[in-house]
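Q: Enclosed is the structure file run.pdb (PDB, C-alpha atoms and all ligand atoms).
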ATOM      1  CA  MET A   1      -3.069 -20.826  26.973
ATOM      2  CA  ASP A   2      -5.179 -24.017  26.606
ATOM      3  CA  SER A   3      -2.934 -27.067  26.353
ATOM      4  CA  GLN A   4      -4.783 -28.048  23.149
ATOM      5  CA  GLU A   5      -3.891 -24.795  21.408
ATOM      6  CA  PRO A   6      -1.024 -24.787  18.935
ATOM      7  CA  GLN A   7       1.956 -22.802  20.156
ATOM      8  CA  GLU A   8       2.824 -19.533  18.413
ATOM      9  CA  ASN A   9       5.722 -21.156  16.611
ATOM     10  CA  GLU A  10       3.464 -23.593  14.758
ATOM     11  CA  ARG A  11       1.812 -20.738  12.900
ATOM     12  CA  THR A  12       2.763 -19.583   9.441
ATOM     13  CA  ALA A  13       2.581 -15.799   9.190
ATOM     14  CA  LEU A  14       2.497 -14.088   5.812
ATOM     15  CA  VAL A  15       3.404 -10.395   5.658
ATOM     16  CA  THR A  16       2.807  -8.545   2.384
ATOM     17  CA  GLY A  17       5.241  -5.767   1.574
ATOM     18  CA  GLY A  18       7.480  -7.571   4.023
ATOM     19  CA  ILE A  19      10.977  -6.849   2.786
ATOM     20  CA  ARG A  20      11.294  -3.231   3.853
ATOM     21  CA  GLY A  21       9.851  -0.518   6.028
ATOM     22  CA  ILE A  22       7.156  -1.434   8.520
ATOM     23  CA  GLY A  23       6.663  -4.835   6.873
ATOM     24  CA  ARG A  24      10.258  -5.781   7.487
ATOM     25  CA  GLY A  25       9.958  -4.748  11.122
ATOM     26  CA  ILE A  26       6.892  -6.987  11.442
ATOM     27  CA  CYS A  27       8.632  -9.934   9.748
ATOM     28  CA  GLU A  28      11.655  -9.654  12.020
ATOM     29  CA  LEU A  29       9.656  -9.425  15.226
ATOM     30  CA  LEU A  30       7.282 -12.273  14.348
ATOM     31  CA  LYS A  31      10.261 -14.448  13.472
ATOM     32  CA  GLU A  32      11.972 -13.540  16.742
ATOM     33  CA  ARG A  33       8.741 -14.535  18.551
ATOM     34  CA  GLY A  34       8.771 -17.964  16.928
ATOM     35  CA  TYR A  35       6.478 -17.651  13.935
ATOM     36  CA  ASN A  36       7.201 -19.336  10.649
ATOM     37  CA  VAL A  37       7.360 -16.093   8.663
ATOM     38  CA  VAL A  38       7.061 -15.595   4.901
ATOM     39  CA  ALA A  39       7.338 -12.177   3.238
ATOM     40  CA  GLY A  40       5.669 -10.999   0.049
ATOM     41  CA  TYR A  41       7.150  -8.271  -2.140
ATOM     42  CA  GLY A  42       6.207  -6.413  -5.289
ATOM     43  CA  GLY A  43       9.207  -6.210  -7.556
ATOM     44  CA  ASP A  44      12.714  -5.580  -6.240
ATOM     45  CA  THR A  45      14.244  -9.041  -6.586
ATOM     46  CA  ALA A  46      17.744  -7.952  -5.559
ATOM     47  CA  ALA A  47      16.427  -6.302  -2.382
ATOM     48  CA  ALA A  48      14.359  -9.409  -1.635
ATOM     49  CA  ALA A  49      17.379 -11.697  -2.001
ATOM     50  CA  LYS A  50      19.351  -9.453   0.366
ATOM     51  CA  PHE A  51      16.453  -9.417   2.836
ATOM     52  CA  SER A  52      16.223 -13.230   2.845
ATOM     53  CA  GLU A  53      19.965 -13.559   3.270
ATOM     54  CA  GLU A  54      20.008 -11.121   6.202
ATOM     55  CA  THR A  55      16.899 -12.407   7.984
ATOM     56  CA  GLY A  56      16.561 -16.053   6.917
ATOM     57  CA  ILE A  57      12.949 -15.255   5.928
ATOM     58  CA  PRO A  58      11.772 -16.517   2.515
ATOM     59  CA  ALA A  59      10.361 -13.841   0.197
ATOM     60  CA  TYR A  60       7.889 -14.419  -2.628
ATOM     61  CA  GLN A  61       7.115 -11.984  -5.443
ATOM     62  CA  TRP A  62       3.606 -11.269  -6.722
ATOM     63  CA  ASP A  63       1.299  -8.330  -7.305
ATOM     64  CA  VAL A  64      -1.152  -7.963  -4.409
ATOM     65  CA  SER A  65      -3.530  -5.996  -6.626
ATOM     66  CA  ASP A  66      -3.940  -9.061  -8.879
ATOM     67  CA  PHE A  67      -6.649 -11.365  -7.523
ATOM     68  CA  ASP A  68      -5.453 -14.533  -9.266
ATOM     69  CA  ALA A  69      -1.816 -13.886  -8.365
ATOM     70  CA  CYS A  70      -2.784 -13.637  -4.674
ATOM     71  CA  GLY A  71      -4.601 -16.982  -4.801
ATOM     72  CA  LYS A  72      -1.644 -18.654  -6.454
ATOM     73  CA  ALA A  73       0.888 -17.139  -4.046
ATOM     74  CA  VAL A  74      -1.069 -18.251  -0.983
ATOM     75  CA  SER A  75      -1.496 -21.737  -2.382
ATOM     76  CA  ASP A  76       2.243 -22.047  -3.228
ATOM     77  CA  ILE A  77       3.306 -20.630   0.132
ATOM     78  CA  SER A  78       1.000 -22.846   2.170
ATOM     79  CA  ALA A  79       2.108 -25.947   0.243
ATOM     80  CA  LYS A  80       5.718 -25.170   1.097
ATOM     81  CA  HIS A  81       5.532 -23.452   4.487
ATOM     82  CA  GLY A  82       2.239 -24.564   6.046
ATOM     83  CA  LYS A  83      -1.251 -23.115   6.124
ATOM     84  CA  VAL A  84      -1.269 -19.344   6.374
ATOM     85  CA  THR A  85      -3.299 -18.610   9.494
ATOM     86  CA  VAL A  86      -1.677 -15.281  10.317
ATOM     87  CA  LEU A  87      -1.979 -12.687   7.566
ATOM     88  CA  VAL A  88      -0.592  -9.174   7.791
ATOM     89  CA  ASN A  89      -1.893  -6.991   4.961
ATOM     90  CA  ASN A  90       0.853  -4.409   4.943
ATOM     91  CA  ALA A  91       1.732  -3.813   1.269
ATOM     92  CA  GLY A  92       1.049  -0.271   0.161
ATOM     93  CA  ILE A  93       2.137   2.548  -2.106
ATOM     94  CA  THR A  94       1.693   6.306  -2.342
ATOM     95  CA  ARG A  95       0.980   8.410  -5.428
ATOM     96  CA  ASP A  96       0.552  11.770  -3.738
ATOM     97  CA  GLY A  97      -0.897  14.820  -5.443
ATOM     98  CA  THR A  98      -3.755  17.202  -4.901
ATOM     99  CA  LEU A  99      -7.161  16.203  -6.270
ATOM    100  CA  LYS A 100      -6.721  18.889  -8.896
ATOM    101  CA  LYS A 101      -3.593  17.181 -10.249
ATOM    102  CA  MET A 102      -4.270  13.524  -9.442
ATOM    103  CA  THR A 103      -4.721  11.293 -12.460
ATOM    104  CA  TYR A 104      -7.232   8.461 -12.660
ATOM    105  CA  ASP A 105      -4.312   6.030 -12.919
ATOM    106  CA  ASN A 106      -2.803   7.289  -9.670
ATOM    107  CA  TRP A 107      -6.179   7.038  -7.970
ATOM    108  CA  MET A 108      -6.634   3.439  -9.173
ATOM    109  CA  ALA A 109      -3.072   2.319  -8.460
ATOM    110  CA  VAL A 110      -3.407   3.242  -4.794
ATOM    111  CA  ILE A 111      -6.924   1.847  -4.414
ATOM    112  CA  GLN A 112      -5.928  -1.438  -6.029
ATOM    113  CA  THR A 113      -2.644  -1.877  -4.187
ATOM    114  CA  ASN A 114      -3.705  -0.619  -0.757
ATOM    115  CA  LEU A 115      -7.369  -1.635  -0.547
ATOM    116  CA  THR A 116      -8.322  -4.262  -3.140
ATOM    117  CA  SER A 117      -5.208  -6.180  -2.070
ATOM    118  CA  VAL A 118      -6.711  -6.645   1.393
ATOM    119  CA  PHE A 119      -9.752  -8.277  -0.207
ATOM    120  CA  ASN A 120      -7.575 -10.397  -2.515
ATOM    121  CA  MET A 121      -5.260 -11.659   0.217
ATOM    122  CA  SER A 122      -7.895 -12.153   2.906
ATOM    123  CA  LYS A 123     -10.075 -14.101   0.488
ATOM    124  CA  ALA A 124      -7.120 -16.269  -0.505
ATOM    125  CA  CYS A 125      -6.445 -17.186   3.157
ATOM    126  CA  TRP A 126     -10.017 -17.240   4.502
ATOM    127  CA  GLU A 127     -10.921 -20.836   3.580
ATOM    128  CA  MET A 128      -7.738 -22.102   5.236
ATOM    129  CA  MET A 129      -8.518 -20.138   8.380
ATOM    130  CA  LEU A 130     -12.070 -21.533   8.416
ATOM    131  CA  GLN A 131     -10.707 -25.071   8.147
ATOM    132  CA  GLU A 132      -8.305 -24.441  11.018
ATOM    133  CA  ASN A 133     -10.951 -22.655  13.065
ATOM    134  CA  PHE A 134      -8.246 -20.078  13.670
ATOM    135  CA  GLY A 135      -7.094 -16.944  11.942
ATOM    136  CA  ARG A 136      -5.404 -13.655  12.677
ATOM    137  CA  ILE A 137      -5.677 -10.917  10.092
ATOM    138  CA  VAL A 138      -3.980  -7.629  10.841
ATOM    139  CA  ASN A 139      -4.496  -4.857   8.312
ATOM    140  CA  ILE A 140      -2.131  -1.915   8.222
ATOM    141  CA  SER A 141      -4.032   1.343   7.788
ATOM    142  CA  SER A 142      -2.643   4.817   8.498
ATOM    143  CA  VAL A 143      -3.231   7.947  10.534
ATOM    144  CA  ASN A 144      -4.014   9.519   7.182
ATOM    145  CA  GLY A 145      -6.955   7.162   6.715
ATOM    146  CA  GLN A 146      -8.278   8.397  10.055
ATOM    147  CA  ALA A 147      -7.464  12.108   9.889
ATOM    148  CA  GLY A 148      -7.136  12.824   6.153
ATOM    149  CA  GLN A 149      -4.042  14.350   4.562
ATOM    150  CA  TYR A 150      -3.606  17.112   2.029
ATOM    151  CA  GLY A 151      -2.508  15.589  -1.278
ATOM    152  CA  GLN A 152      -3.651  12.026  -0.537
ATOM    153  CA  VAL A 153      -7.288  11.519  -1.504
ATOM    154  CA  ASN A 154      -6.386   8.121  -2.972
ATOM    155  CA  TYR A 155      -4.326   6.937   0.004
ATOM    156  CA  CYS A 156      -6.769   8.285   2.603
ATOM    157  CA  ALA A 157      -9.697   6.586   0.847
ATOM    158  CA  ALA A 158      -7.866   3.253   0.714
ATOM    159  CA  LYS A 159      -6.624   3.405   4.304
ATOM    160  CA  ALA A 160     -10.053   4.420   5.648
ATOM    161  CA  GLY A 161     -11.556   1.615   3.576
ATOM    162  CA  VAL A 162      -9.261  -0.893   5.216
ATOM    163  CA  ILE A 163     -10.663   0.057   8.629
ATOM    164  CA  GLY A 164     -14.270  -0.422   7.492
ATOM    165  CA  MET A 165     -13.696  -3.715   5.754
ATOM    166  CA  GLY A 166     -11.754  -5.012   8.737
ATOM    167  CA  LYS A 167     -14.791  -4.419  10.940
ATOM    168  CA  ALA A 168     -17.048  -6.336   8.525
ATOM    169  CA  MET A 169     -14.557  -9.207   8.286
ATOM    170  CA  ALA A 170     -14.246  -9.273  12.071
ATOM    171  CA  GLN A 171     -17.987  -9.897  12.354
ATOM    172  CA  GLU A 172     -17.889 -12.642   9.743
ATOM    173  CA  GLY A 173     -14.850 -14.388  11.217
ATOM    174  CA  ALA A 174     -15.812 -14.209  14.874
ATOM    175  CA  ARG A 175     -17.618 -17.531  15.166
ATOM    176  CA  TYR A 176     -14.751 -19.335  13.428
ATOM    177  CA  GLY A 177     -11.913 -18.161  15.651
ATOM    178  CA  ILE A 178     -10.754 -15.608  13.104
ATOM    179  CA  THR A 179      -9.960 -12.152  14.435
ATOM    180  CA  VAL A 180      -9.474  -9.149  12.183
ATOM    181  CA  ASN A 181      -7.871  -5.981  13.493
ATOM    182  CA  THR A 182      -6.291  -2.829  12.175
ATOM    183  CA  VAL A 183      -3.090  -1.048  13.108
ATOM    184  CA  ALA A 184      -2.975   2.593  12.044
ATOM    185  CA  PRO A 185       0.602   3.877  12.082
ATOM    186  CA  GLY A 186       1.488   7.531  11.976
ATOM    187  CA  TYR A 187       4.603   8.812  10.227
ATOM    188  CA  VAL A 188       7.294   6.152  10.578
ATOM    189  CA  ALA A 189      10.914   6.376   9.422
ATOM    190  CA  THR A 190      10.631   4.387   6.182
ATOM    191  CA  ASP A 191      11.435   4.941   2.501
ATOM    192  CA  MET A 192       7.784   5.910   1.943
ATOM    193  CA  VAL A 193       7.940   8.774   4.427
ATOM    194  CA  ALA A 194      11.438   9.760   3.284
ATOM    195  CA  ALA A 195       9.890  10.481  -0.138
ATOM    196  CA  VAL A 196       7.813  13.333   1.341
ATOM    197  CA  PRO A 197       9.479  16.678   0.479
ATOM    198  CA  GLU A 198      11.734  17.714   3.374
ATOM    199  CA  ASN A 199      10.009  21.023   4.078
ATOM    200  CA  VAL A 200       6.590  19.331   4.111
ATOM    201  CA  LEU A 201       7.825  16.538   6.385
ATOM    202  CA  GLU A 202       9.328  19.038   8.834
ATOM    203  CA  LYS A 203       5.924  20.667   9.179
ATOM    204  CA  ILE A 204       4.254  17.311   9.711
ATOM    205  CA  VAL A 205       6.767  16.247  12.377
ATOM    206  CA  SER A 206       6.120  19.527  14.194
ATOM    207  CA  THR A 207       2.510  18.341  14.672
ATOM    208  CA  ILE A 208       3.573  15.102  16.380
ATOM    209  CA  PRO A 209       3.513  15.660  20.169
ATOM    210  CA  ILE A 210       6.171  13.001  20.766
ATOM    211  CA  GLY A 211       8.340  15.060  18.413
ATOM    212  CA  ARG A 212       9.785  12.436  16.079
ATOM    213  CA  LEU A 213       8.973   9.831  13.460
ATOM    214  CA  GLY A 214       8.025   6.376  14.660
ATOM    215  CA  ASP A 215      10.153   3.290  14.315
ATOM    216  CA  SER A 216       9.018   0.152  12.455
ATOM    217  CA  GLN A 217       9.529  -1.941  15.568
ATOM    218  CA  GLU A 218       7.079   0.288  17.430
ATOM    219  CA  ILE A 219       4.419  -0.729  14.916
ATOM    220  CA  ALA A 220       5.495  -4.370  14.803
ATOM    221  CA  ARG A 221       4.923  -4.790  18.549
ATOM    222  CA  ALA A 222       1.191  -4.133  18.112
ATOM    223  CA  VAL A 223       0.944  -6.521  15.171
ATOM    224  CA  TRP A 224       2.581  -9.263  17.190
ATOM    225  CA  PHE A 225       0.241  -8.579  20.099
ATOM    226  CA  LEU A 226      -2.821  -8.899  17.855
ATOM    227  CA  ALA A 227      -1.480 -12.040  16.166
ATOM    228  CA  ARG A 228      -1.009 -13.909  19.437
ATOM    229  CA  GLU A 229      -3.170 -16.920  20.262
ATOM    230  CA  ASP A 230      -4.358 -15.302  23.476
ATOM    231  CA  SER A 231      -5.530 -12.093  21.773
ATOM    232  CA  LYS A 232      -8.658 -13.995  20.758
ATOM    233  CA  PHE A 233     -11.143 -11.562  22.341
ATOM    234  CA  ILE A 234      -9.769  -8.601  20.370
ATOM    235  CA  SER A 235     -11.459  -8.230  17.006
ATOM    236  CA  GLY A 236     -12.651  -5.339  14.875
ATOM    237  CA  SER A 237     -10.420  -2.943  16.774
ATOM    238  CA  THR A 238      -8.024  -0.291  15.522
ATOM    239  CA  ILE A 239      -4.804   0.477  17.355
ATOM    240  CA  SER A 240      -3.403   3.910  16.525
ATOM    241  CA  ILE A 241       0.364   4.342  16.893
ATOM    242  CA  ASN A 242       1.191   7.871  15.817
ATOM    243  CA  GLY A 243       3.099   9.662  18.565
ATOM    244  CA  GLY A 244      -0.076  11.493  19.592
ATOM    245  CA  GLN A 245      -0.483  13.173  16.188
ATOM    246  CA  HIS A 246      -4.164  12.265  15.975
ATOM    247  CA  MET A 247      -6.396  11.399  18.929
ATOM    248  CA  TYR A 248     -10.105  10.806  18.768
TER
HETATM  249  N1  LIG A 301      -2.786  22.213   4.263
HETATM  250  C1  LIG A 301      -3.102  23.346   3.574
HETATM  251  N2  LIG A 301      -2.418  23.760   2.510
HETATM  252  C2  LIG A 301      -1.354  23.039   2.147
HETATM  253  C3  LIG A 301      -0.961  21.874   2.829
HETATM  254  C4  LIG A 301      -1.723  21.477   3.939
HETATM  255  N3  LIG A 301      -1.404  20.398   4.649
HETATM  256  N4  LIG A 301       0.123  21.377   2.213
HETATM  257  C5  LIG A 301       0.416  22.195   1.177
HETATM  258  N5  LIG A 301      -0.491  23.199   1.151
HETATM  259  C6  LIG A 301      -0.548  24.311   0.222
HETATM  260  C7  LIG A 301       0.833  24.917   0.058
HETATM  261  O1  LIG A 301       1.062  25.862   1.085
HETATM  262  C8  LIG A 301       0.738  25.540  -1.317
HETATM  263  O2  LIG A 301       0.044  26.752  -1.209
HETATM  264  P1  LIG A 301       0.458  27.995  -2.106
HETATM  265  O3  LIG A 301       0.293  27.547  -3.528
HETATM  266  O4  LIG A 301      -0.501  29.046  -1.677
HETATM  267  O5  LIG A 301       1.883  28.285  -1.741
HETATM  268  C9  LIG A 301      -0.143  24.596  -2.088
HETATM  269  O6  LIG A 301      -0.865  23.846  -1.079
HETATM  270  C10 LIG A 301       0.645  23.635  -2.936
HETATM  271  O7  LIG A 301       1.545  22.904  -2.081
HETATM  272  P2  LIG A 301       2.792  22.166  -2.670
HETATM  273  O8  LIG A 301       3.774  23.179  -3.205
HETATM  274  O9  LIG A 301       3.321  21.182  -1.686
HETATM  275  O10 LIG A 301       2.093  21.444  -3.918
HETATM  276  P3  LIG A 301       2.634  20.338  -4.810
HETATM  277  O11 LIG A 301       1.609  20.133  -5.876
HETATM  278  O12 LIG A 301       4.044  20.578  -5.202
HETATM  279  O13 LIG A 301       2.667  19.073  -3.849
HETATM  280  C11 LIG A 301       1.858  17.396  -2.456
HETATM  281  C12 LIG A 301       1.517  18.632  -3.250
HETATM  282  C13 LIG A 301       2.379  16.312  -3.404
HETATM  283  C14 LIG A 301       0.598  16.908  -1.816
HETATM  284  C15 LIG A 301       2.933  17.713  -1.406
HETATM  285  O14 LIG A 301       2.464  18.765  -0.597
HETATM  286  C16 LIG A 301       3.233  16.549  -0.539
HETATM  287  O15 LIG A 301       3.977  15.658  -0.896
HETATM  288  N6  LIG A 301       2.652  16.503   0.681
HETATM  289  C17 LIG A 301       2.871  15.417   1.617
HETATM  290  C18 LIG A 301       1.758  14.442   1.544
HETATM  291  C19 LIG A 301       1.970  13.411   2.625
HETATM  292  O16 LIG A 301       1.979  13.683   3.810
HETATM  293  N7  LIG A 301       2.145  12.154   2.223
HETATM  294  C20 LIG A 301       2.387  11.126   3.176
HETATM  295  C21 LIG A 301       3.281  10.121   2.546
HETATM  296  S1  LIG A 301       3.860   8.942   3.763
HETATM  297  C22 LIG A 301       2.513   8.027   4.079
HETATM  298  O17 LIG A 301       1.497   8.117   3.475
HETATM  299  C23 LIG A 301       2.685   7.020   5.174
HETATM  300  C24 LIG A 301       1.625   7.173   6.183
HETATM  301  O18 LIG A 301       0.733   6.348   6.215
HETATM  302  C25 LIG A 301       1.682   8.254   7.171
END
So that I can check it, write out the structure of this file as structure tokens.
Ligand code: CAA

A:
Amino acid sequence: MDSQEPQENERTALVTGGIRGIGRGICELLKERGYNVVAGYGGDTAAAAKFSEETGIPAYQWDVSDFDACGKAVSDISAKHGKVTVLVNNAGITRDGTLKKMTYDNWMAVIQTNLTSVFNMSKACWEMMLQENFGRIVNISSVNGQAGQYGQVNYCAAKAGVIGMGKAMAQEGARYGITVNTVAPGYVATDMVAAVPENVLEKIVSTIPIGRLGDSQEIARAVWFLAREDSKFISGSTISINGGQHMY
């Protein structure tokens, strides 16, 4: 590392959807590695309070699908915790159902929360990253955005979209020291995956060569790697972590 470069622990890292599941794993690992971590969450105030008590990580509530709310959250967080130069766009929801049954509202909810949120949050942090001549954006996609999944046209569209927009942002950020990368997890043991009907999930797990669900920490390790100061030559890439379920 150049002696002029700030150390990892001077960076403020913001993780959306950070109080549970993969987001929590990312928050915990980044904190352990010395980052000044802040978590965002959507609505469960009691769970957020418990999370902060257990981890010592502050949690802020706002709706990532709301453009103005994202701007305000980033401005409040940076005033209190320092400029956000590491952003992990992790927040996401599912509203599964076949195309035949999917409502317009369930299409829009997933597109807004899983895809538009990445625009909202990245835009809110971009100016700060430009000023610092440094930025690390890691977007959390999914194996289902790469391979498709029965019953998830909304989710697959959003998660594939995240990969494309990350590549465009990577090109725009390159000359300013901003890297943008994607991590595409497979099926990980989280509340989101636990909501898949048991018989369906059993079938899915049988297609994973490693033979089990992933663990949040196994995803977090890649996020930390991409967020590091010395990962500065990695941009526009996608790291797939899915137990071998989808290879291409
Ligand atoms: N391929 C082909 N056919 C399938 C299929 C598949 N993968 N899955 C189901 N079908 C068929 C069924 O066999 C059934 O056929 P029959 O009517 O001939 O018996 C028909 O489709 C209807 O299936 P369901 O009874 O499951 O239909 P449903 O309307 O009750 O439920 C569903 C549909 C909501 C999509 C349900 O199948 C489901 O929840 N699937 C899981 C979707 C999934 O994997 N979500 C991932 C959530 S976790 C996540 O997203 C995190 C991540 O990033 C990985």

Q: Just checking: using all atoms listed in the file, which residue out of A:Ile140, A:Ala220, A:Ala227, A:Val74 ends up closest to Cys27 in chain A?

A: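 The answer is A:Ala220, which sits nearest to Cys27 in chain A.
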
Q: Could you give me the residues within 6 Å of ligand LIG 301 (chain A), counting only C-alpha atoms and all ligand atoms, as a list in words?

A: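 Those residues are Asp96, Gly97, Thr98, Ser142, Val143, Asn144, Tyr150, Gly151, Gly186, Tyr187, Met192, Val193, Val196, Pro197 and Val200 of chain A.
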
Q: Point out the residue among A:Asp215, A:Glu32, A:Glu172, A:Glu202 with the least atom-to-atom distance to Pro185 in chain A, counting only C-alpha atoms.

A: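 Between A:Asp215, A:Glu32, A:Glu172, A:Glu202, the residue approaching Pro185 in chain A most closely is A:Asp215.
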
Q: With distances taken over all atoms listed in the file, which of A:Gly243, A:Gly40, A:Gly92, A:Gly211 is nearest to Val15 in chain A?

A: A:Gly40

Q: Go through A:Val153, A:Val88, A:Ala184, A:Ile210 and flag the residue nearest Gly17 in chain A, using all atoms listed in the file for the distances.

A: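 Ranking A:Val153, A:Val88, A:Ala184, A:Ile210 by distance to Gly17 in chain A, first place goes to A:Val88.
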
Q: Between CA of Val38 in chain A and CA of Asn242 in chain A, what distance in Å does the model show, to one decimal?

A: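 Answer for the CA of Val38 in chain A to CA of Asn242 in chain A separation: 26.5 Å.
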
Q: Using all atoms listed in the file, determine which residues lie at most 10 Å from Phe119 in chain A, disregarding the query and same-chain residues fewer than 6 positions distant; provide the list as a list in words.

A: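 Once the adjacent positions are removed, what remains is Val64, Ser65, Phe67, Cys70, Asn89, Gln112, Val162, Met165, Gly166 and Met169 of chain A.
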
Q: Write out the residues from the selection above, keeping C-alpha atoms, as a tab-separated table (two decimals), in the coordinates of the input.

A:
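Listing of part10.tsv after writing:
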chain	number	residue	atom	x	y	z
A	64	VAL	CA	-1.15	-7.96	-4.41
A	65	SER	CA	-3.53	-6.00	-6.63
A	67	PHE	CA	-6.65	-11.36	-7.52
A	70	CYS	CA	-2.78	-13.64	-4.67
A	89	ASN	CA	-1.89	-6.99	4.96
A	112	GLN	CA	-5.93	-1.44	-6.03
A	162	VAL	CA	-9.26	-0.89	5.22
A	165	MET	CA	-13.70	-3.72	5.75
A	166	GLY	CA	-11.75	-5.01	8.74
A	169	MET	CA	-14.56	-9.21	8.29

Q: Kindly indicate which residue among A:Lys159, A:Arg221, A:Lys167, A:Lys72 lies nearest to Ile93 in chain A, using all atoms listed in the file for the distances.

A: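 Of A:Lys159, A:Arg221, A:Lys167, A:Lys72, the one nearest Ile93 in chain A is A:Lys159, counting all atoms listed in the file.
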
Q: Can you translate the PyMOL selection byres (((chain A and resi 189) around 8) and not hetatm) into the concrete residues it hits in this file, as JSON, numbers by chain?

A: {"A": [21, 187, 188, 190, 191, 193, 194, 213, 214, 215, 216]}

Q: May I have the residues at most 12 Å from (-11.7, -21.3, 6.2) in the file's coordinates, counting only C-alpha atoms, as a list in words?

A: Lys83, Val84, Thr85, Ser122, Lys123, Ala124, Cys125, Trp126, Glu127, Met128, Met129, Leu130, Gln131, Glu132, Asn133, Phe134, Gly135, Arg136, Glu172, Gly173, Ala174, Arg175, Tyr176, Gly177 and Ile178 of chain A

Q: Around range 186-198 of chain A, fit a box with edges along x, y and z, padding it by 4 Å on each side, then list its centre and edge lengths in Å to one decimal as AutoDock Vina command-line options.

A:
--center_x 6.6 --center_y 11.1 --center_z 5.9 --size_x 18.2 --size_y 21.3 --size_z 20.1

Q: Find the residue from A:Ala48, A:Ala160, A:Val37, A:Leu99 that sits nearest to Lys80 in chain A; use all atoms listed in the file when measuring.

A: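 Distance minimum relative to Lys80 in chain A lands on A:Val37.
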
Q: Between CA of Phe233 in chain A and CA of Glu218 in chain A, what is the distance, to one decimal in Å?

A: 22.3 Å

Q: Using all atoms listed in the file, can you list as an mmCIF file with C-alpha atoms, keeping the file's coordinate frame the residues within 12 Å of (12.4, -18.5, -1.4)?

A:
data_model
loop_
_atom_site.group_PDB
_atom_site.id
_atom_site.type_symbol
_atom_site.label_atom_id
_atom_site.label_comp_id
_atom_site.auth_asym_id
_atom_site.auth_seq_id
_atom_site.Cartn_x
_atom_site.Cartn_y
_atom_site.Cartn_z
ATOM 1 C CA VAL A 37 7.360 -16.093 8.663
ATOM 2 C CA VAL A 38 7.061 -15.595 4.901
ATOM 3 C CA ALA A 39 7.338 -12.177 3.238
ATOM 4 C CA GLY A 40 5.669 -10.999 0.049
ATOM 5 C CA TYR A 41 7.150 -8.271 -2.140
ATOM 6 C CA THR A 45 14.244 -9.041 -6.586
ATOM 7 C CA ALA A 48 14.359 -9.409 -1.635
ATOM 8 C CA ALA A 49 17.379 -11.697 -2.001
ATOM 9 C CA LYS A 50 19.351 -9.453 0.366
ATOM 10 C CA PHE A 51 16.453 -9.417 2.836
ATOM 11 C CA SER A 52 16.223 -13.230 2.845
ATOM 12 C CA GLU A 53 19.965 -13.559 3.270
ATOM 13 C CA GLY A 56 16.561 -16.053 6.917
ATOM 14 C CA ILE A 57 12.949 -15.255 5.928
ATOM 15 C CA PRO A 58 11.772 -16.517 2.515
ATOM 16 C CA ALA A 59 10.361 -13.841 0.197
ATOM 17 C CA TYR A 60 7.889 -14.419 -2.628
ATOM 18 C CA GLN A 61 7.115 -11.984 -5.443
ATOM 19 C CA ALA A 73 0.888 -17.139 -4.046
ATOM 20 C CA ASP A 76 2.243 -22.047 -3.228
ATOM 21 C CA ILE A 77 3.306 -20.630 0.132
ATOM 22 C CA LYS A 80 5.718 -25.170 1.097
ATOM 23 C CA HIS A 81 5.532 -23.452 4.487
#

Q: Mind telling me what the PyMOL selection byres (((chain A and resi 26) around 8) and not hetatm) catches here, as a PDB file with C-alpha atoms, keeping the file's coordinate frame?

A:
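Result went into out-v5.pdb, see below:
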ATOM      1  CA  VAL A  15       3.404 -10.395   5.658  1.00  0.00           C
ATOM      2  CA  GLY A  18       7.480  -7.571   4.023  1.00  0.00           C
ATOM      3  CA  ILE A  22       7.156  -1.434   8.520  1.00  0.00           C
ATOM      4  CA  GLY A  23       6.663  -4.835   6.873  1.00  0.00           C
ATOM      5  CA  ARG A  24      10.258  -5.781   7.487  1.00  0.00           C
ATOM      6  CA  GLY A  25       9.958  -4.748  11.122  1.00  0.00           C
ATOM      7  CA  CYS A  27       8.632  -9.934   9.748  1.00  0.00           C
ATOM      8  CA  GLU A  28      11.655  -9.654  12.020  1.00  0.00           C
ATOM      9  CA  LEU A  29       9.656  -9.425  15.226  1.00  0.00           C
ATOM     10  CA  LEU A  30       7.282 -12.273  14.348  1.00  0.00           C
ATOM     11  CA  SER A 216       9.018   0.152  12.455  1.00  0.00           C
ATOM     12  CA  GLN A 217       9.529  -1.941  15.568  1.00  0.00           C
ATOM     13  CA  ILE A 219       4.419  -0.729  14.916  1.00  0.00           C
ATOM     14  CA  ALA A 220       5.495  -4.370  14.803  1.00  0.00           C
ATOM     15  CA  ARG A 221       4.923  -4.790  18.549  1.00  0.00           C
ATOM     16  CA  VAL A 223       0.944  -6.521  15.171  1.00  0.00           C
ATOM     17  CA  TRP A 224       2.581  -9.263  17.190  1.00  0.00           C
TER      18      TRP A 224
END
